[in-house]
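query27.txt follows (compact mmCIF, C-alpha atoms):
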```txt
# COMPACT_ATOMS: atom_id res chain seq x y z
CA MET Z 1 20.03 87.63 -47.00
CA MET Z 2 22.05 90.07 -44.90
CA LYS Z 3 22.39 93.61 -46.12
CA LYS Z 4 25.82 94.72 -47.26
CA ARG Z 5 27.59 97.25 -45.04
CA ILE Z 6 29.47 100.18 -46.57
CA TYR Z 7 31.89 102.46 -44.74
CA VAL Z 8 31.79 106.10 -45.88
CA ALA Z 9 34.86 108.23 -45.17
CA TYR Z 10 33.80 111.85 -45.54
CA THR Z 11 37.06 113.77 -45.93
CA GLY Z 12 35.67 117.14 -47.05
CA GLY Z 13 35.12 118.96 -50.33
CA THR Z 14 32.28 120.80 -52.05
CA ILE Z 15 29.83 117.95 -51.47
CA GLY Z 16 29.38 118.71 -47.76
CA MET Z 17 29.47 122.51 -47.85
CA MET Z 18 26.59 124.77 -46.82
CA GLN Z 19 25.63 128.32 -47.78
CA SER Z 20 26.88 131.15 -45.57
CA THR Z 21 27.26 134.90 -45.86
CA GLN Z 22 30.86 134.26 -47.02
CA GLY Z 23 29.78 131.75 -49.70
CA PHE Z 24 29.92 127.96 -49.41
CA VAL Z 25 31.84 126.71 -46.37
CA PRO Z 26 32.44 123.29 -44.79
CA ALA Z 27 30.14 122.63 -41.82
CA LYS Z 28 30.45 119.90 -39.22
CA GLY Z 29 27.63 117.35 -39.39
CA HIS Z 30 25.85 119.07 -42.30
CA LEU Z 31 26.43 116.39 -44.93
CA THR Z 32 25.60 113.47 -42.61
CA GLU Z 33 22.31 115.15 -41.64
CA SER Z 34 21.48 115.88 -45.29
CA ILE Z 35 22.06 112.25 -46.37
CA ASN Z 36 20.14 110.81 -43.44
CA ALA Z 37 17.18 113.09 -44.22
CA LEU Z 38 16.67 111.65 -47.70
CA PRO Z 39 14.43 108.54 -47.77
CA GLU Z 40 15.97 107.09 -50.96
CA PHE Z 41 19.21 106.39 -49.07
CA HIS Z 42 17.28 104.13 -46.68
CA ARG Z 43 15.22 102.08 -49.14
CA SER Z 44 15.33 98.31 -48.83
CA GLU Z 45 17.50 98.02 -51.96
CA MET Z 46 20.21 100.17 -50.41
CA PRO Z 47 23.03 98.86 -48.20
CA ASP Z 48 23.48 99.87 -44.59
CA PHE Z 49 26.17 102.51 -44.28
CA THR Z 50 28.18 104.31 -41.65
CA ILE Z 51 29.47 107.85 -42.26
CA SER Z 52 32.73 108.79 -40.58
CA GLU Z 53 33.28 112.54 -40.79
CA TYR Z 54 36.89 113.73 -40.68
CA GLN Z 55 37.82 116.53 -38.32
CA PRO Z 56 38.83 118.95 -39.54
CA LEU Z 57 37.28 118.55 -42.99
CA ILE Z 58 39.93 118.87 -45.71
CA ASP Z 59 39.60 121.09 -48.77
CA SER Z 60 41.00 118.89 -51.52
CA SER Z 61 43.32 121.71 -52.65
CA ASN Z 62 45.08 121.21 -49.32
CA MET Z 63 45.45 117.41 -49.69
CA THR Z 64 48.94 116.04 -49.07
CA PRO Z 65 50.51 112.56 -49.06
CA SER Z 66 49.90 112.53 -45.30
CA ASP Z 67 46.17 112.80 -46.01
CA TRP Z 68 46.36 109.91 -48.50
CA GLN Z 69 47.92 107.90 -45.71
CA ARG Z 70 45.22 108.91 -43.25
CA ILE Z 71 42.45 107.80 -45.64
CA ALA Z 72 44.24 104.50 -46.39
CA ASP Z 73 44.80 103.82 -42.67
CA ASP Z 74 41.12 104.52 -42.01
CA ILE Z 75 40.02 102.00 -44.66
CA LYS Z 76 42.52 99.42 -43.39
CA ALA Z 77 41.28 99.82 -39.79
CA ASN Z 78 37.68 99.18 -40.89
CA TYR Z 79 38.42 96.68 -43.65
CA ASP Z 80 37.20 93.51 -41.91
CA ASP Z 81 33.93 95.06 -40.70
CA TYR Z 82 32.54 96.32 -44.01
CA ASP Z 83 31.82 95.01 -47.51
CA GLY Z 84 32.94 98.11 -49.34
CA PHE Z 85 34.15 101.69 -48.95
CA VAL Z 86 33.13 105.07 -50.31
CA VAL Z 87 35.44 108.08 -49.91
CA LEU Z 88 33.77 111.50 -50.20
CA HIS Z 89 36.34 113.97 -51.48
CA GLY Z 90 36.76 117.35 -53.15
CA THR Z 91 37.06 117.18 -56.93
CA ASP Z 92 40.23 119.24 -57.45
CA THR Z 93 42.66 116.52 -56.30
CA MET Z 94 40.31 113.53 -56.35
CA ALA Z 95 42.23 111.85 -59.18
CA TYR Z 96 45.48 112.16 -57.21
CA THR Z 97 43.92 110.53 -54.14
CA SER Z 98 42.28 107.70 -56.09
CA SER Z 99 45.60 107.05 -57.86
CA ALA Z 100 47.56 107.06 -54.61
CA LEU Z 101 45.13 104.70 -52.86
CA SER Z 102 45.32 102.27 -55.79
CA PHE Z 103 49.08 101.89 -55.29
CA MET Z 104 48.96 101.76 -51.50
CA PHE Z 105 46.55 98.80 -51.36
CA GLU Z 106 47.67 95.34 -52.43
CA ASN Z 107 45.36 92.27 -52.48
CA LEU Z 108 42.30 94.52 -52.38
CA SER Z 109 39.25 92.22 -52.37
CA LYS Z 110 36.59 94.87 -51.72
CA PRO Z 111 35.54 97.97 -53.66
CA VAL Z 112 36.87 101.41 -52.74
CA ILE Z 113 34.99 104.17 -54.57
CA VAL Z 114 36.04 107.82 -54.42
CA THR Z 115 33.36 110.36 -55.28
CA GLY Z 116 32.16 113.91 -54.61
CA SER Z 117 30.21 116.63 -56.38
CA GLN Z 118 30.39 119.91 -58.25
CA ILE Z 119 27.40 121.36 -56.35
CA PRO Z 120 26.98 120.88 -52.58
CA PHE Z 121 24.76 117.93 -51.63
CA SER Z 122 22.11 120.05 -49.89
CA GLN Z 123 21.68 122.49 -52.79
CA LEU Z 124 19.07 122.37 -55.54
CA ARG Z 125 20.31 120.45 -58.63
CA SER Z 126 23.23 118.91 -56.73
CA ASP Z 127 25.03 116.10 -58.52
CA GLY Z 128 26.15 114.88 -55.10
CA GLN Z 129 22.94 112.99 -54.35
CA VAL Z 130 23.21 110.86 -57.50
CA ASN Z 131 26.97 110.34 -57.10
CA VAL Z 132 26.75 109.18 -53.46
CA LEU Z 133 23.63 107.04 -53.93
CA ASN Z 134 25.12 105.28 -56.97
CA SER Z 135 28.48 104.80 -55.28
CA LEU Z 136 26.83 103.12 -52.28
CA TYR Z 137 24.60 100.97 -54.48
CA ILE Z 138 27.42 99.92 -56.81
CA ALA Z 139 29.82 99.17 -53.93
CA ALA Z 140 27.19 96.82 -52.48
CA ASN Z 141 25.71 95.26 -55.61
CA TYR Z 142 28.41 95.54 -58.29
CA PRO Z 143 31.58 95.21 -56.22
CA ILE Z 144 34.71 95.73 -58.34
CA SER Z 145 37.75 95.00 -56.19
CA GLU Z 146 39.88 97.99 -56.97
CA VAL Z 147 40.02 101.71 -56.27
CA GLY Z 148 37.50 103.41 -58.52
CA LEU Z 149 36.36 106.98 -59.05
CA PHE Z 150 32.63 107.49 -59.61
CA PHE Z 151 31.30 110.63 -61.23
CA ASN Z 152 28.42 111.52 -63.54
CA ASN Z 153 27.14 107.93 -63.83
CA LYS Z 154 30.53 106.44 -64.67
CA LEU Z 155 32.89 104.35 -62.56
CA TYR Z 156 36.49 104.84 -63.68
CA ARG Z 157 39.67 103.05 -62.63
CA GLY Z 158 41.03 105.40 -60.01
CA ASN Z 159 44.55 105.62 -61.44
CA ARG Z 160 43.37 106.30 -65.01
CA CYS Z 161 41.43 109.48 -64.23
CA ILE Z 162 41.98 113.15 -64.82
CA LYS Z 163 39.81 116.08 -63.87
CA ALA Z 164 39.02 117.23 -67.39
CA TYR Z 165 36.33 119.88 -66.89
CA ALA Z 166 36.39 122.57 -64.21
CA ASP Z 167 32.68 123.30 -63.95
CA GLY Z 168 30.72 120.50 -65.66
CA PHE Z 169 28.99 117.52 -64.12
CA ASN Z 170 31.14 115.39 -66.44
CA ALA Z 171 34.19 116.61 -64.56
CA PHE Z 172 36.31 113.47 -64.99
CA ASP Z 173 37.62 111.47 -67.91
CA SER Z 174 39.70 108.35 -68.49
CA PRO Z 175 41.45 109.11 -71.78
CA ASN Z 176 43.36 105.84 -72.27
CA MET Z 177 41.03 103.26 -70.75
CA PRO Z 178 37.29 102.51 -70.99
CA VAL Z 179 35.14 103.03 -67.91
CA LEU Z 180 34.80 100.13 -65.46
CA LEU Z 181 31.03 100.51 -65.28
CA GLU Z 182 28.30 102.78 -66.61
CA ALA Z 183 25.16 103.52 -64.59
CA GLY Z 184 22.51 104.37 -67.16
CA ILE Z 185 18.94 103.04 -67.15
CA ASN Z 186 20.70 99.72 -66.67
CA ILE Z 187 23.99 99.29 -64.86
CA GLN Z 188 26.47 97.89 -67.35
CA LEU Z 189 29.92 96.50 -66.77
CA VAL Z 190 32.36 97.73 -69.38
CA ALA Z 191 36.01 97.11 -68.38
CA GLY Z 192 35.33 96.14 -64.77
CA LYS Z 193 35.00 92.68 -63.26
CA ILE Z 194 32.60 91.82 -60.45
CA ALA Z 195 34.47 90.41 -57.47
CA GLU Z 196 33.60 86.79 -56.73
CA PRO Z 197 33.62 85.67 -53.09
CA VAL Z 198 36.92 83.91 -52.39
CA ALA Z 199 37.35 81.60 -49.40
CA ASN Z 200 41.10 81.98 -48.91
CA VAL Z 201 41.64 85.57 -49.94
CA GLU Z 202 45.11 87.05 -49.49
CA PRO Z 203 45.21 89.52 -46.58
CA LEU Z 204 45.10 93.20 -47.46
CA GLN Z 205 48.52 94.82 -47.56
CA LEU Z 206 48.90 98.54 -47.04
CA SER Z 207 52.09 100.32 -48.08
CA LYS Z 208 53.03 103.56 -46.39
CA ILE Z 209 53.51 106.65 -48.51
CA THR Z 210 55.77 109.38 -47.20
CA PRO Z 211 56.07 112.85 -48.78
CA GLN Z 212 58.70 112.79 -51.54
CA PRO Z 213 60.41 115.63 -53.43
CA VAL Z 214 59.23 115.19 -57.03
CA GLY Z 215 59.64 117.85 -59.71
CA VAL Z 216 57.38 118.46 -62.71
CA VAL Z 217 58.55 120.42 -65.77
CA HIS Z 218 56.22 121.29 -68.64
CA LEU Z 219 58.22 121.71 -71.86
CA TYR Z 220 57.46 124.71 -74.08
CA PRO Z 221 59.10 126.23 -77.16
CA GLY Z 222 62.30 128.02 -76.17
CA ILE Z 223 62.54 126.46 -72.68
CA SER Z 224 65.93 127.11 -71.10
CA SER Z 225 68.09 124.30 -69.77
CA ALA Z 226 68.30 126.37 -66.57
CA VAL Z 227 64.67 125.41 -65.84
CA ILE Z 228 65.67 121.73 -65.86
CA GLU Z 229 68.85 122.54 -63.93
CA ASN Z 230 66.82 124.18 -61.18
CA ALA Z 231 64.25 121.38 -61.15
CA ILE Z 232 66.85 118.69 -60.40
CA GLN Z 233 68.48 120.47 -57.46
CA GLN Z 234 68.66 118.35 -54.32
CA PRO Z 235 66.65 117.06 -52.54
CA VAL Z 236 64.62 116.17 -55.68
CA LYS Z 237 64.50 112.39 -56.20
CA ALA Z 238 62.40 112.23 -59.37
CA LEU Z 239 61.36 114.47 -62.25
CA ILE Z 240 58.29 114.22 -64.48
CA LEU Z 241 58.98 115.71 -67.90
CA ARG Z 242 55.79 116.84 -69.69
CA SER Z 243 56.96 116.37 -73.29
CA TYR Z 244 55.44 116.99 -76.71
CA GLY Z 245 53.33 114.47 -78.63
CA VAL Z 246 54.65 110.92 -78.35
CA GLY Z 247 57.45 111.96 -76.01
CA ASN Z 248 59.53 114.49 -77.91
CA ALA Z 249 61.71 117.28 -76.54
CA PRO Z 250 64.07 119.89 -78.03
CA GLN Z 251 67.41 118.44 -79.15
CA ASP Z 252 69.17 121.07 -77.11
CA LYS Z 253 72.62 119.93 -75.97
CA ALA Z 254 72.47 121.85 -72.69
CA LEU Z 255 69.00 120.49 -71.89
CA LEU Z 256 70.02 116.91 -72.69
CA SER Z 257 73.16 117.38 -70.60
CA CYS Z 258 70.99 118.38 -67.61
CA LEU Z 259 68.89 115.23 -68.02
CA ARG Z 260 72.04 113.08 -68.24
CA LYS Z 261 73.26 114.74 -65.06
CA ALA Z 262 69.95 113.85 -63.37
CA LYS Z 263 70.50 110.18 -64.13
CA GLU Z 264 74.06 110.38 -62.77
CA GLN Z 265 72.61 111.82 -59.55
CA GLY Z 266 70.16 108.91 -59.29
CA ILE Z 267 67.14 111.08 -60.12
CA VAL Z 268 64.46 109.13 -61.99
CA VAL Z 269 63.23 111.15 -64.97
CA VAL Z 270 59.88 110.02 -66.40
CA ASN Z 271 58.66 111.15 -69.81
CA CYS Z 272 54.91 111.89 -69.86
CA SER Z 273 53.16 113.42 -72.84
CA GLN Z 274 51.35 116.75 -72.60
CA CYS Z 275 48.66 115.13 -74.74
CA ILE Z 276 45.69 113.76 -72.83
CA LYS Z 277 45.21 110.74 -75.08
CA GLY Z 278 47.84 108.37 -76.44
CA THR Z 279 51.14 106.95 -75.26
CA VAL Z 280 54.81 107.91 -75.12
CA ASN Z 281 56.98 106.29 -77.80
CA MET Z 282 60.49 107.67 -77.58
CA SER Z 283 61.79 105.48 -80.43
CA GLY Z 284 59.49 107.11 -82.99
CA TYR Z 285 61.47 110.31 -83.56
CA ALA Z 286 65.08 111.37 -83.11
CA THR Z 287 63.99 114.00 -80.60
CA GLY Z 288 62.42 111.31 -78.40
CA ASN Z 289 65.26 108.88 -78.90
CA ALA Z 290 67.71 111.51 -77.65
CA LEU Z 291 65.85 111.53 -74.31
CA SER Z 292 66.08 107.77 -74.04
CA GLU Z 293 69.83 107.88 -74.67
CA VAL Z 294 70.40 110.20 -71.69
CA GLY Z 295 68.43 107.94 -69.33
CA VAL Z 296 64.87 109.31 -69.45
CA ILE Z 297 62.32 106.49 -69.03
CA SER Z 298 58.89 106.23 -70.62
CA GLY Z 299 55.71 107.05 -68.71
CA HIS Z 300 53.76 105.19 -71.41
CA ASP Z 301 50.09 106.29 -71.22
CA MET Z 302 49.97 107.09 -67.51
CA THR Z 303 48.23 110.23 -66.35
CA LEU Z 304 50.24 112.87 -64.54
CA GLU Z 305 48.31 111.96 -61.38
CA ALA Z 306 49.19 108.28 -61.66
CA THR Z 307 52.83 109.03 -62.47
CA LEU Z 308 53.24 111.38 -59.52
CA THR Z 309 51.56 109.10 -56.97
CA LYS Z 310 53.35 106.02 -58.30
CA LEU Z 311 56.66 107.83 -57.81
CA HIS Z 312 55.65 108.67 -54.23
CA TYR Z 313 54.69 105.03 -53.64
CA LEU Z 314 57.94 103.60 -55.04
CA LEU Z 315 60.22 106.25 -53.54
CA SER Z 316 58.73 105.44 -50.13
CA LYS Z 317 60.09 101.90 -50.52
CA ASN Z 318 63.77 102.90 -50.71
CA LEU Z 319 64.39 100.96 -53.93
CA SER Z 320 67.54 101.25 -56.00
CA TYR Z 321 67.59 103.56 -59.02
CA GLN Z 322 67.42 100.58 -61.37
CA GLU Z 323 64.49 99.01 -59.51
CA MET Z 324 62.68 102.34 -59.58
CA CYS Z 325 63.11 102.63 -63.34
CA GLU Z 326 61.92 99.07 -63.93
CA LYS Z 327 58.84 99.32 -61.72
CA MET Z 328 57.83 102.72 -63.08
CA GLN Z 329 57.52 101.09 -66.51
CA GLN Z 330 55.54 98.07 -65.25
CA SER Z 331 51.79 98.03 -64.75
CA LEU Z 332 51.38 97.52 -60.99
CA ARG Z 333 47.65 98.30 -60.60
CA GLY Z 334 46.47 98.63 -64.20
CA GLU Z 335 47.71 102.22 -64.42
CA LEU Z 336 49.31 101.78 -67.86
CA SER Z 337 48.41 99.81 -70.97
```

Full structure transcribed into structure tokens:
Amino acid sequence: MMKKRIYVAYTGGTIGMMQSTQGFVPAKGHLTESINALPEFHRSEMPDFTISEYQPLIDSSNMTPSDWQRIADDIKANYDDYDGFVVLHGTDTMAYTSSALSFMFENLSKPVIVTGSQIPFSQLRSDGQVNVLNSLYIAANYPISEVGLFFNNKLYRGNRCIKAYADGFNAFDSPNMPVLLEAGINIQLVAGKIAEPVANVEPLQLSKITPQPVGVVHLYPGISSAVIENAIQQPVKALILRSYGVGNAPQDKALLSCLRKAKEQGIVVVNCSQCIKGTVNMSGYATGNALSEVGVISGHDMTLEATLTKLHYLLSKNLSYQEMCEKMQQSLRGELS
């Protein structure tokens, strides 16, 4: 039986950094050498893998939609030659990248797993070794044909993740969906489905994402309508409203007037809860219903990361305002319940 082949796109991040007199810094070739030096990565049970190191390496804090596109293009260019893909990435914006990739790929029939670490791979007690080894092994032996995010022995759906903890090994969480797979003593499928070989698989489709002007406003007690007014100035095409609870906002006439004005300007306003867990239900209270009446649409239980990247994806397609509103409220890649 032929070994599976996995393509590793090393984009940057903590995982590949090395110690210097200025602290941890990215270093060309350091991660590849560190992985190749460890015998467990070359055991017979492991797949063959190729590491492609990006130049320059990207700190995930500097990630942009152009970088999402570069990663997606890289996977697409190598899609026919490999059985699965692992993207090594910094943790700060990992959930944004995994969400964006999930929307960009259609008819994905191979696993794409985004992972990284909280401690550099070459350091004592690094979580990077376990994260990379498991990601490679799972991509080869438990292929789930979607974009996943693997961290701390859990494989999450990529567009359901948030970075929940700044400095713990359990950095990520999926508040509104169970994990796809858990890698304990035994590897257990939870919400994921192993991909079965299909003879006449649909060809992979890759949608382009271009940078889009999207505003985000976090509501707080006493917020002025001027904050909303400023947030919907051109060239903004969409606004994410971080509301209270199940989607509530102050019943302030000036604020509601601003949101009505946004709709009239063709700006899509999406209501996302500040709460990590649960879903938006604007019909539950008068304060939520008032938002619905001025044209604000529900973000349901999407994460901020999924909402933002989905807006980028749809805005890049030049859809009408109505089409945008409809598709934002539909589950395109399992991003909402």

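Going from atom CA of Z:Glu202 to atom CA of Z:Ser109 covers 8.3 Å.
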
Pick from Z:Leu108, Z:Ala139, Z:Val25, Z:Ile267: nearest to Z:Arg5, with only C-alpha atoms counted? Z:Ala139

For Z:Ile276, list every protein, DNA or RNA residue within 8 Å, evaluated using all atoms listed in the file, and leave out those in the same chain fewer than 3 positions away; present the list as an MDAnalysis selection string. chainID Z and resid 175 273 303

Would you mind listing what lies within 12 Å of Z:Met2 as an NGL selection string, with only C-alpha atoms counted and same-chain residues fewer than 6 positions away left out? :Z and (44-48 or 83 or 140)

With all atoms listed in the file as the counted atoms, please give the residues lying no more than 12 Å from Z:Leu124, apart from itself and same-chain residues fewer than 6 positions off, as a PDB file with C-alpha atoms, in the coordinates of the input.
```pdb
ATOM      1  CA  MET Z  18      26.590 124.770 -46.820  1.00  0.00           C
ATOM      2  CA  GLN Z  19      25.630 128.320 -47.780  1.00  0.00           C
ATOM      3  CA  GLN Z 118      30.390 119.910 -58.250  1.00  0.00           C
TER       4      GLN Z 118
END
```

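The residue that comes closest to Z:Leu180, out of Z:Glu196, Z:Glu40, Z:Asp252, Z:Glu146 and on the basis of all atoms listed in the file, is Z:Glu146.
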
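One finds atom CA of Z:Leu136 at 10.3 Å from atom CA of Z:Phe150.
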
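Of the listed residues (Z:Val198, Z:Val179, Z:Ser122, Z:Ala77), Z:Ser122 comes nearest to Z:His30; the distances count only C-alpha atoms.
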
Between atom CA of Z:Leu149 and atom CA of Z:Leu101, what is the distance in Å, rounded to a tenth? 11.0 Å

Exercise: residues within 12 Å of coordinate (31.6, 122.6, -48.5), counting all atoms listed in the file, as a PyMOL selection string: chain Z and resi 10-20+22-31+57-60+88-91+116-123+128

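Taking all atoms listed in the file into account, Z:Asn36 lies nearest to Z:Leu133 out of the set Z:Met104, Z:Val147, Z:Ser66, Z:Leu133.
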
So which residues touch stretch 323-335 of chain Z within 9 Å, counting only C-alpha atoms, skipping near sequence neighbours fewer than 4 positions away, as a list in words? Ser99, Ser102, Phe103, Glu106, Glu146, Arg157, Gly158, Asn159, Arg160, Val268, Val269, Val270, Ile297, Ser298, Gly299, His300, Asp301, Met302, Thr303, Ala306, Thr307, Lys310, Leu311, Leu314, Leu315, Asn318 and Leu319 of chain Z

Residues just named, written with C-alpha atoms as a compact mmCIF listing (two decimals), in the coordinates of the input:
```txt
# COMPACT_ATOMS: atom_id res chain seq x y z
CA SER Z 99 45.60 107.05 -57.86
CA SER Z 102 45.32 102.27 -55.79
CA PHE Z 103 49.08 101.89 -55.29
CA GLU Z 106 47.67 95.34 -52.43
CA GLU Z 146 39.88 97.99 -56.97
CA ARG Z 157 39.67 103.05 -62.63
CA GLY Z 158 41.03 105.40 -60.01
CA ASN Z 159 44.55 105.62 -61.44
CA ARG Z 160 43.37 106.30 -65.01
CA VAL Z 268 64.46 109.13 -61.99
CA VAL Z 269 63.23 111.15 -64.97
CA VAL Z 270 59.88 110.02 -66.40
CA ILE Z 297 62.32 106.49 -69.03
CA SER Z 298 58.89 106.23 -70.62
CA GLY Z 299 55.71 107.05 -68.71
CA HIS Z 300 53.76 105.19 -71.41
CA ASP Z 301 50.09 106.29 -71.22
CA MET Z 302 49.97 107.09 -67.51
CA THR Z 303 48.23 110.23 -66.35
CA ALA Z 306 49.19 108.28 -61.66
CA THR Z 307 52.83 109.03 -62.47
CA LYS Z 310 53.35 106.02 -58.30
CA LEU Z 311 56.66 107.83 -57.81
CA LEU Z 314 57.94 103.60 -55.04
CA LEU Z 315 60.22 106.25 -53.54
CA ASN Z 318 63.77 102.90 -50.71
CA LEU Z 319 64.39 100.96 -53.93
```

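A search radius of 8 Å centred on (30.5, 107.8, -62.8), applied to only C-alpha atoms, returns the residues Asn131, Leu149, Phe150, Phe151, Asn152, Asn153, Lys154, Leu155, Tyr156, Leu181, Glu182 and Ala183 of chain Z.
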
Give me the residues within 10 Å of stretch 247-250 of chain Z as a PyMOL selection string, counting only C-alpha atoms and dropping any in the same chain fewer than 3 places off. chain Z and resi 219-223+241-244+253+255-256+271-275+279-292+298-300

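The nearest approach to Z:Ala195 among the residues Z:Ser316, Z:Thr210, Z:Ser145, Z:Asn134, with only C-alpha atoms taken into account, belongs to Z:Ser145.
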
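With only C-alpha atoms as the atoms that count, the minimum distance from Z:Leu38 to the choices Z:Ile75, Z:Pro213, Z:Gln129, Z:Tyr142 is reached by Z:Gln129.
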